>>> print(open('model04.txt').read())   # compact mmCIF, C-alpha atoms
# COMPACT_ATOMS: atom_id res chain seq x y z
CA MET A 13 -76.70 94.52 39.49
CA ALA A 14 -73.14 94.52 38.09
CA SER A 15 -72.50 95.65 34.54
CA VAL A 16 -71.60 93.16 31.83
CA LYS A 17 -67.83 92.73 31.59
CA PRO A 18 -66.68 93.09 27.96
CA GLN A 19 -64.06 90.49 27.09
CA LEU A 20 -60.58 91.45 25.98
CA SER A 21 -58.73 90.34 22.88
CA PRO A 22 -56.24 87.49 23.48
CA TRP A 23 -53.57 89.88 22.18
CA VAL A 24 -54.07 92.09 25.21
CA ARG A 25 -53.29 89.15 27.48
CA ILE A 26 -50.24 88.26 25.36
CA MET A 27 -48.91 91.81 25.67
CA PHE A 28 -49.36 91.77 29.43
CA VAL A 29 -47.56 88.43 29.65
CA ILE A 30 -44.63 90.00 27.76
CA VAL A 31 -44.71 92.99 30.09
CA ALA A 32 -44.75 90.66 33.10
CA LEU A 33 -41.60 88.91 31.88
CA VAL A 34 -39.86 92.25 31.53
CA LEU A 35 -41.01 93.33 34.98
CA ILE A 36 -39.48 90.26 36.57
CA ALA A 37 -36.09 91.61 35.57
CA GLY A 38 -37.12 95.07 36.71
CA VAL A 39 -38.23 93.95 40.16
CA SER A 40 -34.86 92.23 40.55
CA LEU A 41 -33.30 95.70 40.62
CA LEU A 42 -34.90 96.11 44.04
CA LEU A 43 -34.36 92.60 45.36
CA ALA A 44 -31.09 91.57 43.68
CA PRO A 45 -29.44 94.69 42.22
CA SER A 46 -26.02 93.09 41.79
CA LEU A 47 -27.54 90.42 39.56
CA VAL A 48 -29.51 92.59 37.15
CA GLY A 49 -28.03 96.09 37.51
CA PRO A 50 -24.83 95.48 35.51
CA ARG A 51 -26.93 94.02 32.67
CA TRP A 52 -29.32 96.96 32.44
CA PRO A 53 -29.46 98.88 29.11
CA TRP A 54 -27.68 101.86 30.68
CA ALA A 55 -25.40 102.43 33.67
CA LEU A 56 -27.27 102.57 36.97
CA ARG A 57 -26.11 103.97 40.28
CA PRO A 58 -27.20 102.28 43.54
CA PHE A 59 -30.04 104.63 44.44
CA ALA A 60 -31.45 104.65 40.91
CA THR A 61 -31.24 100.86 40.80
CA ARG A 62 -33.39 100.33 43.90
CA PHE A 63 -35.78 103.10 42.89
CA LEU A 64 -36.44 101.60 39.47
CA GLY A 65 -36.89 98.21 41.11
CA ALA A 66 -39.64 99.61 43.33
CA VAL A 67 -41.32 101.21 40.32
CA TYR A 68 -41.34 97.91 38.45
CA ALA A 69 -42.62 96.10 41.53
CA ALA A 70 -45.59 98.48 41.64
CA GLU A 71 -46.24 97.85 37.97
CA MET A 72 -46.10 94.12 38.57
CA VAL A 73 -49.10 94.39 40.90
CA ALA A 74 -51.20 95.92 38.11
CA VAL A 75 -49.98 93.46 35.49
CA ILE A 76 -50.63 90.38 37.63
CA TRP A 77 -54.10 91.63 38.58
CA THR A 78 -54.88 92.19 34.89
CA LEU A 79 -53.74 88.69 33.95
CA VAL A 80 -55.75 87.11 36.77
CA ILE A 81 -59.00 89.01 36.15
CA ASN A 82 -58.55 89.26 32.37
CA ASP A 83 -61.53 91.49 31.58
CA TRP A 84 -62.50 95.14 31.26
CA SER A 85 -63.29 95.50 34.96
CA VAL A 86 -59.56 95.99 35.58
CA ALA A 87 -58.17 96.59 32.07
CA ARG A 88 -60.09 99.89 31.88
CA LEU A 89 -57.47 101.07 34.36
CA THR A 90 -54.36 99.10 33.46
CA ILE A 91 -54.37 99.40 29.65
CA PRO A 92 -54.25 103.24 29.74
CA GLN A 93 -51.62 103.06 32.47
CA ALA A 94 -49.49 100.59 30.52
CA VAL A 95 -49.67 102.66 27.34
CA THR A 96 -48.85 105.86 29.23
CA PHE A 97 -45.86 104.34 30.98
CA THR A 98 -44.34 102.70 27.91
CA THR A 99 -44.94 105.76 25.74
CA VAL A 100 -43.22 108.15 28.14
CA VAL A 101 -40.30 105.80 28.78
CA THR A 102 -39.85 105.17 25.06
CA GLY A 103 -39.98 108.88 24.32
CA ALA A 104 -37.40 109.66 27.00
CA SER A 105 -35.16 106.87 25.76
CA LEU A 106 -35.32 108.18 22.19
CA ALA A 107 -34.50 111.67 23.42
CA TRP A 108 -31.33 110.35 25.09
CA LEU A 109 -30.01 107.85 22.56
CA ASN A 110 -26.45 108.83 23.44
CA ASN A 111 -26.97 107.11 26.81
CA PHE A 112 -27.31 103.74 25.09
CA ASP A 113 -24.65 101.49 23.63
CA PHE A 114 -26.29 99.87 20.61
CA ALA A 115 -23.48 97.34 20.39
CA ARG A 116 -25.21 95.60 23.30
CA PRO A 117 -28.17 93.36 22.34
CA ILE A 118 -30.00 94.32 25.54
CA VAL A 119 -30.34 97.87 24.24
CA TRP A 120 -32.13 96.74 21.09
CA LEU A 121 -34.31 94.47 23.21
CA TRP A 122 -35.17 97.43 25.45
CA PHE A 123 -36.59 99.45 22.56
CA ILE A 124 -38.40 96.45 21.08
CA ILE A 125 -40.13 95.38 24.29
CA TYR A 126 -41.25 98.93 25.01
CA THR A 127 -42.34 99.84 21.48
CA ILE A 128 -44.43 96.75 20.68
CA PRO A 129 -46.69 96.88 23.77
CA THR A 130 -47.06 100.63 23.28
CA VAL A 131 -48.38 100.17 19.75
CA VAL A 132 -50.50 97.07 20.35
CA LEU A 133 -52.05 98.13 23.66
CA GLY A 134 -52.49 101.67 22.34
CA TRP A 135 -54.50 100.29 19.42
CA TYR A 136 -56.73 98.26 21.72
CA TRP A 137 -57.17 101.21 24.06
CA TRP A 138 -58.54 103.13 21.08
CA GLN A 139 -60.77 100.20 20.12
CA TYR A 140 -62.15 99.93 23.66
CA ARG A 141 -62.53 103.66 24.25
CA ALA A 142 -66.34 103.56 24.13
CA TRP A 143 -66.69 100.60 26.49
CA PRO A 144 -68.49 101.59 29.70
CA ALA A 145 -67.01 101.19 33.15
CA VAL A 146 -67.89 97.92 34.88
CA ASN A 147 -69.97 98.40 38.03
CA PRO A 148 -68.63 101.90 38.82
CA GLN A 149 -69.32 103.06 42.36
CA ALA A 150 -69.13 106.53 43.84
CA LEU A 151 -66.16 107.02 46.16
CA GLY A 152 -67.38 109.97 48.22
CA TRP A 153 -64.55 111.89 49.91
CA LEU A 154 -62.00 109.48 48.45
CA ARG A 155 -62.81 110.89 45.02
CA SER A 156 -61.50 114.30 46.05
CA ILE A 157 -58.26 112.75 47.30
CA LEU A 158 -57.77 110.93 44.00
CA LEU A 159 -58.43 114.07 41.97
CA ILE A 160 -55.88 116.00 44.03
CA GLU A 161 -53.43 113.13 43.61
CA ALA A 162 -54.00 113.10 39.86
CA VAL A 163 -53.34 116.83 39.51
CA VAL A 164 -50.23 116.76 41.71
CA LEU A 165 -48.72 113.71 40.03
CA ALA A 166 -49.46 114.98 36.52
CA GLY A 167 -47.97 118.38 37.30
CA TYR A 168 -44.87 116.90 38.87
CA GLY A 169 -44.42 114.40 36.03
CA LEU A 170 -44.53 117.20 33.47
CA ALA A 171 -42.09 119.22 35.57
CA CYS A 172 -39.65 116.29 35.46
CA ILE A 173 -39.79 116.49 31.67
CA VAL A 174 -39.55 120.23 31.08
CA ALA A 175 -37.47 121.27 34.12
CA PRO A 176 -35.76 118.10 35.35
CA ALA A 177 -33.02 119.78 37.40
CA TRP A 178 -35.50 121.99 39.27
CA ALA A 179 -38.06 119.22 39.77
CA THR A 180 -35.61 116.78 41.33
CA ALA A 181 -33.38 119.19 43.24
CA PHE A 182 -34.80 118.05 46.61
CA TRP A 183 -34.30 114.31 46.00
CA PRO A 184 -32.00 112.46 48.44
CA TRP A 185 -29.59 111.68 45.61
CA LYS A 186 -28.52 113.57 42.50
CA ILE A 187 -30.73 113.03 39.44
CA ASP A 188 -29.65 113.81 35.90
CA ALA A 189 -32.08 114.97 33.22
CA PHE A 190 -32.24 111.56 31.57
CA HIS A 191 -33.35 109.77 34.73
CA ALA A 192 -35.74 112.56 35.68
CA GLN A 193 -37.50 112.21 32.36
CA ILE A 194 -37.57 108.42 32.63
CA TYR A 195 -39.04 108.74 36.13
CA SER A 196 -41.69 111.15 34.84
CA ALA A 197 -43.45 108.09 33.43
CA LEU A 198 -44.12 106.89 36.97
CA PHE A 199 -45.86 110.10 38.05
CA ILE A 200 -47.84 110.63 34.84
CA THR A 201 -48.99 107.01 34.89
CA GLY A 202 -50.06 107.38 38.49
CA ALA A 203 -52.03 110.49 37.57
CA ILE A 204 -53.84 108.61 34.80
CA GLY A 205 -54.78 105.84 37.22
CA ALA A 206 -56.03 108.21 39.93
CA TRP A 207 -58.08 110.16 37.39
CA ILE A 208 -59.75 107.04 35.96
CA VAL A 209 -60.67 105.58 39.34
CA ALA A 210 -61.85 108.94 40.70
CA GLY A 211 -64.65 108.88 38.13
CA GLY A 212 -66.11 105.80 39.81
CA GLY A 213 -64.03 102.75 40.63
CA ASN A 214 -65.05 99.15 41.00
CA ARG A 215 -63.54 96.64 43.40
CA HIS A 216 -60.84 95.41 41.01
CA GLU A 217 -59.76 98.91 40.03
CA LEU A 218 -59.51 100.05 43.63
CA LEU A 219 -57.52 97.00 44.69
CA THR A 220 -55.22 97.26 41.66
CA LEU A 221 -54.45 100.96 42.02
CA GLY A 222 -54.28 100.68 45.80
CA GLY A 223 -51.95 97.70 45.74
CA SER A 224 -49.67 99.40 43.22
CA GLN A 225 -49.45 102.53 45.34
CA VAL A 226 -48.71 100.66 48.56
CA VAL A 227 -45.94 98.65 46.90
CA LEU A 228 -44.54 101.76 45.24
CA GLY A 229 -44.52 103.96 48.32
CA LEU A 230 -43.13 101.39 50.72
CA GLY A 231 -40.79 99.88 48.13
CA VAL A 232 -39.21 103.21 47.24
CA ILE A 233 -38.60 104.13 50.88
CA ALA A 234 -37.26 100.64 51.64
CA GLY A 235 -34.96 100.80 48.62
CA LEU A 236 -33.53 104.11 49.79
CA ALA A 237 -32.88 102.66 53.24
CA LEU A 238 -31.28 99.52 51.80
CA VAL A 239 -28.76 101.56 49.84
CA ASP A 240 -28.04 103.83 52.78
CA PHE A 241 -27.47 100.99 55.23
CA GLY A 242 -25.75 98.67 52.79
CA ALA A 243 -23.14 100.90 51.17
CA ALA A 244 -20.31 102.30 53.26
CA ASN A 245 -19.59 105.17 50.86
CA LEU A 246 -23.22 106.24 50.34
CA SER A 247 -25.48 107.96 52.83
CA VAL A 248 -28.87 109.62 52.84
CA PRO A 249 -29.33 113.01 54.54
CA TRP A 250 -32.48 111.84 56.31
CA ALA A 251 -32.83 115.03 58.38
CA SER A 252 -32.69 117.39 55.39
CA LEU A 253 -35.91 119.10 54.30
CA GLY A 254 -35.65 117.57 50.83
CA SER A 255 -35.37 114.02 52.17
CA ILE A 256 -38.26 114.56 54.56
CA ILE A 257 -40.47 115.84 51.73
CA TRP A 258 -39.41 112.96 49.50
CA VAL A 259 -40.07 110.25 52.09
CA ALA A 260 -43.33 111.88 53.19
CA SER A 261 -44.52 112.08 49.58
CA PHE A 262 -44.06 108.39 48.94
CA GLY A 263 -45.48 107.65 52.37
CA LEU A 264 -48.63 109.55 51.36
CA ILE A 265 -48.81 107.58 48.12
CA ALA A 266 -48.72 104.36 50.17
CA LEU A 267 -51.32 105.75 52.59
CA VAL A 268 -53.74 106.60 49.78
CA GLY A 269 -53.12 103.14 48.38
CA GLY A 270 -54.12 101.65 51.71
CA LEU A 271 -57.33 103.70 51.70
CA LEU A 272 -58.11 102.44 48.19
CA ILE A 273 -57.58 98.84 49.25
CA GLY A 274 -59.83 99.35 52.26
CA ARG A 275 -62.60 100.79 50.10
CA GLY A 276 -62.13 98.08 47.49
CA LEU A 277 -62.54 95.32 50.06
CA GLN A 278 -65.86 96.83 51.05
CA GLN A 279 -67.23 96.88 47.50
CA GLN A 280 -68.83 94.23 45.35
CA SER A 281 -67.09 92.95 42.21
>>> encode(input="model04.txt", output="structure tokens")
Amino acid sequence: MASVKPQLSPWVRIMFVIVALVLIAGVSLLLAPSLVGPRWPWALRPFATRFLGAVYAAEMVAVIWTLVINDWSVARLTIPQAVTFTTVVTGASLAWLNNFDFARPIVWLWFIIYTIPTVVLGWYWWQYRAWPAVNPQALGWLRSILLIEAVVLAGYGLACIVAPAWATAFWPWKIDAFHAQIYSALFITGAIGAWIVAGGGNRHELLTLGGSQVVLGLGVIAGLALVDFGAANLSVPWASLGSIIWVASFGLIALVGGLLIGRGLQQQS
């Protein structure tokens, strides 16, 4: 018999609606970079533009699933992920204030829309901390894969913060310290999600995390290819060891996401 699903505060739904509106602009970086890129709070290069768009697209999967289900059976996963992501991005932004032109209203909006959900959702995460998981189910061998993923992503995310040049040296395009630390939010958030679900995931959690990983992995690789094939003065060294590792890594993220979706479709709600 499934566990009772504790109901969320309406404020949680409001925060996720706000996040969804922000993500629409973010996803446009992948689909329509020329429309949104020039209006971003800081200057973006082509590869970074598509990459961020793929990241926001992956987040959109989790946000939409949370708004549709609207209870603890999925929010147990997505609230901690949302707080983690916004906290790390806000912290990195504050550490690099010189990268922002505060004469532009979009910059002020950036800090507002990241700070408010961080505080509000963080407060509710604390309030809900004792709520039990809803219908948790053992994952067998998939649990080991998620634990490995959590450790690898957490370690790499921290490396992007403390040693950004070293951590991103193999990437197909040059990454500065600011972007490396912004991107660290992606990996640390992914680690949080993998760790939570590894403890026993229900159908909604598996489909949410799995869908996010598939969109992220495939979206990032597709974004890299779009820049390479669409810009005459930019090219990706596909045959280099660094590029192979980079593409393979995101391919593995998508593959694990597919396994999560498959397991989720087999489980009861």
>>> residues_around(input="model04.txt", residues="Ile26 of chain A", least_positions_apart="4", cutoff="12 Å", atoms="all atoms listed in the file", output="PDB file with C-alpha atoms, in the frame of the given file")
ATOM      1  CA  LEU A  20     -60.580  91.450  25.980  1.00  0.00           C
ATOM      2  CA  SER A  21     -58.730  90.340  22.880  1.00  0.00           C
ATOM      3  CA  PRO A  22     -56.240  87.490  23.480  1.00  0.00           C
ATOM      4  CA  ILE A  30     -44.630  90.000  27.760  1.00  0.00           C
ATOM      5  CA  VAL A  31     -44.710  92.990  30.090  1.00  0.00           C
ATOM      6  CA  ALA A  32     -44.750  90.660  33.100  1.00  0.00           C
ATOM      7  CA  LEU A  33     -41.600  88.910  31.880  1.00  0.00           C
ATOM      8  CA  VAL A  75     -49.980  93.460  35.490  1.00  0.00           C
ATOM      9  CA  THR A  78     -54.880  92.190  34.890  1.00  0.00           C
ATOM     10  CA  LEU A  79     -53.740  88.690  33.950  1.00  0.00           C
ATOM     11  CA  ASN A  82     -58.550  89.260  32.370  1.00  0.00           C
ATOM     12  CA  ILE A 128     -44.430  96.750  20.680  1.00  0.00           C
ATOM     13  CA  PRO A 129     -46.690  96.880  23.770  1.00  0.00           C
ATOM     14  CA  VAL A 132     -50.500  97.070  20.350  1.00  0.00           C
ATOM     15  CA  LEU A 133     -52.050  98.130  23.660  1.00  0.00           C
TER      16      LEU A 133
END
>>> residues_around(input="model04.txt", residues="Ala66 of chain A", least_positions_apart="3", cutoff="8 Å", atoms="only C-alpha atoms", output="ChimeraX atom specification")
/A:39,41-42,62-63,69-70,227-228,231-232,235
>>> closest_residue(input="model04.txt", among="A:Ala171, A:Val209, A:Ile187, A:Val131", to="Trp23 of chain A", atoms="all atoms listed in the file")
A:Val131
>>> closest_residue(input="model04.txt", among="A:Pro117, A:Val164, A:Asn111, A:Pro148", to="Leu56 of chain A", atoms="only C-alpha atoms")
A:Asn111
>>> closest_atom_pairs(input="model04.txt", of="segment 139-200 of chain A", to="segment 93-97 of chain A", cutoff="8 Å", atoms="all atoms listed in the file", output="Markdown table")
| residue | atom | partner | partner_atom | distance |
| --- | --- | --- | --- | --- |
| A:Ala197 | CA | A:Phe97 | CA | 5.1 |
| A:Leu198 | CA | A:Phe97 | CA | 6.7 |
| A:Ile200 | CA | A:Thr96 | CA | 7.4 |
>>> residues_around(input="model04.txt", residues="Val86 of chain A", least_positions_apart="5", cutoff="12 Å", atoms="all atoms listed in the file", output="ChimeraX atom specification")
/A:17-20,73-81,91-93,145-148,205,208-209,213-221,281
>>> atom_distance(input="model04.txt", atom1="atom CA of Pro249 of chain A", atom2="atom CA of Leu236 of chain A")
10.9 Å
>>> closest_residue(input="model04.txt", among="A:Leu35, A:Leu277, A:Ala44, A:Ile194", to="Pro176 of chain A", atoms="all atoms listed in the file")
A:Ile194
>>> residues_around(input="model04.txt", residues="segment 118-126 of chain A", least_positions_apart="3", cutoff="6 Å", atoms="only C-alpha atoms", output="list in words")
Pro53, Thr98, Phe114 and Pro129 of chain A
>>> write_last_selection(input="model04.txt", atoms="C-alpha atoms", output="PDB file, keeping the file's coordinate frame")
ATOM      1  CA  PRO A  53     -29.460  98.880  29.110  1.00  0.00           C
ATOM      2  CA  THR A  98     -44.340 102.700  27.910  1.00  0.00           C
ATOM      3  CA  PHE A 114     -26.290  99.870  20.610  1.00  0.00           C
ATOM      4  CA  PRO A 129     -46.690  96.880  23.770  1.00  0.00           C
TER       5      PRO A 129
END
>>> closest_residue(input="model04.txt", among="A:Gln278, A:Gln225, A:Ser105, A:Thr130", to="Ala192 of chain A", atoms="only C-alpha atoms")
A:Ser105
>>> atom_distance(input="model04.txt", atom1="atom CA of Gly242 of chain A", atom2="atom CA of Trp258 of chain A")
20.0 Å
>>> closest_residue(input="model04.txt", among="A:Ala260, A:Ile36, A:Leu230, A:Ile173", to="Phe190 of chain A", atoms="only C-alpha atoms")
A:Ile173
>>> closest_residue(input="model04.txt", among="A:Ala206, A:Ala181, A:Ala266, A:Leu89", to="Ala166 of chain A", atoms="all atoms listed in the file")
A:Ala206
>>> atom_distance(input="model04.txt", atom1="atom CA of Gly223 of chain A", atom2="atom CA of Tyr195 of chain A")
19.5 Å
>>> decode(input="model04.txt", residues="segment 84-106 of chain A", atoms="N, CA and C atoms", output="PDB file, in the first residue's frame")
ATOM      1  N   TRP A  84       4.439  15.677  -2.109  1.00  0.00           N
ATOM      2  CA  TRP A  84       5.751  15.300  -1.594  1.00  0.00           C
ATOM      3  C   TRP A  84       6.361  14.114  -2.337  1.00  0.00           C
ATOM      4  N   SER A  85       5.569  13.393  -3.109  1.00  0.00           N
ATOM      5  CA  SER A  85       6.097  12.233  -3.810  1.00  0.00           C
ATOM      6  C   SER A  85       7.139  12.619  -4.851  1.00  0.00           C
ATOM      7  N   VAL A  86       7.133  13.871  -5.292  1.00  0.00           N
ATOM      8  CA  VAL A  86       8.172  14.354  -6.205  1.00  0.00           C
ATOM      9  C   VAL A  86       8.953  15.519  -5.593  1.00  0.00           C
ATOM     10  N   ALA A  87       8.304  16.304  -4.738  1.00  0.00           N
ATOM     11  CA  ALA A  87       8.968  17.468  -4.140  1.00  0.00           C
ATOM     12  C   ALA A  87      10.069  17.064  -3.176  1.00  0.00           C
ATOM     13  N   ARG A  88      10.013  15.846  -2.634  1.00  0.00           N
ATOM     14  CA  ARG A  88      11.111  15.362  -1.783  1.00  0.00           C
ATOM     15  C   ARG A  88      12.427  15.382  -2.539  1.00  0.00           C
ATOM     16  N   LEU A  89      12.341  15.236  -3.851  1.00  0.00           N
ATOM     17  CA  LEU A  89      13.519  15.299  -4.717  1.00  0.00           C
ATOM     18  C   LEU A  89      13.777  16.710  -5.220  1.00  0.00           C
ATOM     19  N   THR A  90      12.750  17.367  -5.729  1.00  0.00           N
ATOM     20  CA  THR A  90      12.959  18.612  -6.467  1.00  0.00           C
ATOM     21  C   THR A  90      13.160  19.845  -5.583  1.00  0.00           C
ATOM     22  N   ILE A  91      12.606  19.857  -4.375  1.00  0.00           N
ATOM     23  CA  ILE A  91      12.861  21.009  -3.494  1.00  0.00           C
ATOM     24  C   ILE A  91      14.348  21.068  -3.101  1.00  0.00           C
ATOM     25  N   PRO A  92      14.947  19.973  -2.601  1.00  0.00           N
ATOM     26  CA  PRO A  92      16.386  20.031  -2.314  1.00  0.00           C
ATOM     27  C   PRO A  92      17.225  20.363  -3.537  1.00  0.00           C
ATOM     28  N   GLN A  93      16.847  19.845  -4.701  1.00  0.00           N
ATOM     29  CA  GLN A  93      17.600  20.165  -5.908  1.00  0.00           C
ATOM     30  C   GLN A  93      17.487  21.645  -6.263  1.00  0.00           C
ATOM     31  N   ALA A  94      16.283  22.189  -6.164  1.00  0.00           N
ATOM     32  CA  ALA A  94      16.081  23.603  -6.491  1.00  0.00           C
ATOM     33  C   ALA A  94      16.878  24.499  -5.551  1.00  0.00           C
ATOM     34  N   VAL A  95      16.833  24.191  -4.265  1.00  0.00           N
ATOM     35  CA  VAL A  95      17.562  25.000  -3.283  1.00  0.00           C
ATOM     36  C   VAL A  95      19.064  24.901  -3.528  1.00  0.00           C
ATOM     37  N   THR A  96      19.546  23.700  -3.804  1.00  0.00           N
ATOM     38  CA  THR A  96      20.976  23.512  -4.071  1.00  0.00           C
ATOM     39  C   THR A  96      21.416  24.322  -5.285  1.00  0.00           C
ATOM     40  N   PHE A  97      20.668  24.204  -6.361  1.00  0.00           N
ATOM     41  CA  PHE A  97      21.042  24.895  -7.594  1.00  0.00           C
ATOM     42  C   PHE A  97      21.051  26.411  -7.402  1.00  0.00           C
ATOM     43  N   THR A  98      19.976  26.957  -6.850  1.00  0.00           N
ATOM     44  CA  THR A  98      19.899  28.409  -6.703  1.00  0.00           C
ATOM     45  C   THR A  98      20.918  28.942  -5.701  1.00  0.00           C
ATOM     46  N   THR A  99      21.208  28.171  -4.671  1.00  0.00           N
ATOM     47  CA  THR A  99      22.202  28.597  -3.682  1.00  0.00           C
ATOM     48  C   THR A  99      23.591  28.677  -4.296  1.00  0.00           C
ATOM     49  N   VAL A 100      23.982  27.638  -5.036  1.00  0.00           N
ATOM     50  CA  VAL A 100      25.315  27.622  -5.632  1.00  0.00           C
ATOM     51  C   VAL A 100      25.448  28.711  -6.691  1.00  0.00           C
ATOM     52  N   VAL A 101      24.425  28.861  -7.537  1.00  0.00           N
ATOM     53  CA  VAL A 101      24.486  29.899  -8.573  1.00  0.00           C
ATOM     54  C   VAL A 101      24.534  31.290  -7.950  1.00  0.00           C
ATOM     55  N   THR A 102      23.736  31.511  -6.918  1.00  0.00           N
ATOM     56  CA  THR A 102      23.749  32.809  -6.240  1.00  0.00           C
ATOM     57  C   THR A 102      25.106  33.071  -5.609  1.00  0.00           C
ATOM     58  N   GLY A 103      25.661  32.060  -4.958  1.00  0.00           N
ATOM     59  CA  GLY A 103      26.973  32.225  -4.340  1.00  0.00           C
ATOM     60  C   GLY A 103      28.049  32.540  -5.359  1.00  0.00           C
ATOM     61  N   ALA A 104      28.032  31.837  -6.490  1.00  0.00           N
ATOM     62  CA  ALA A 104      29.020  32.100  -7.536  1.00  0.00           C
ATOM     63  C   ALA A 104      28.843  33.493  -8.125  1.00  0.00           C
ATOM     64  N   SER A 105      27.595  33.901  -8.281  1.00  0.00           N
ATOM     65  CA  SER A 105      27.326  35.240  -8.816  1.00  0.00           C
ATOM     66  C   SER A 105      27.839  36.322  -7.868  1.00  0.00           C
ATOM     67  N   LEU A 106      27.618  36.132  -6.583  1.00  0.00           N
ATOM     68  CA  LEU A 106      28.095  37.111  -5.595  1.00  0.00           C
ATOM     69  C   LEU A 106      29.620  37.154  -5.549  1.00  0.00           C
TER      70      LEU A 106
END
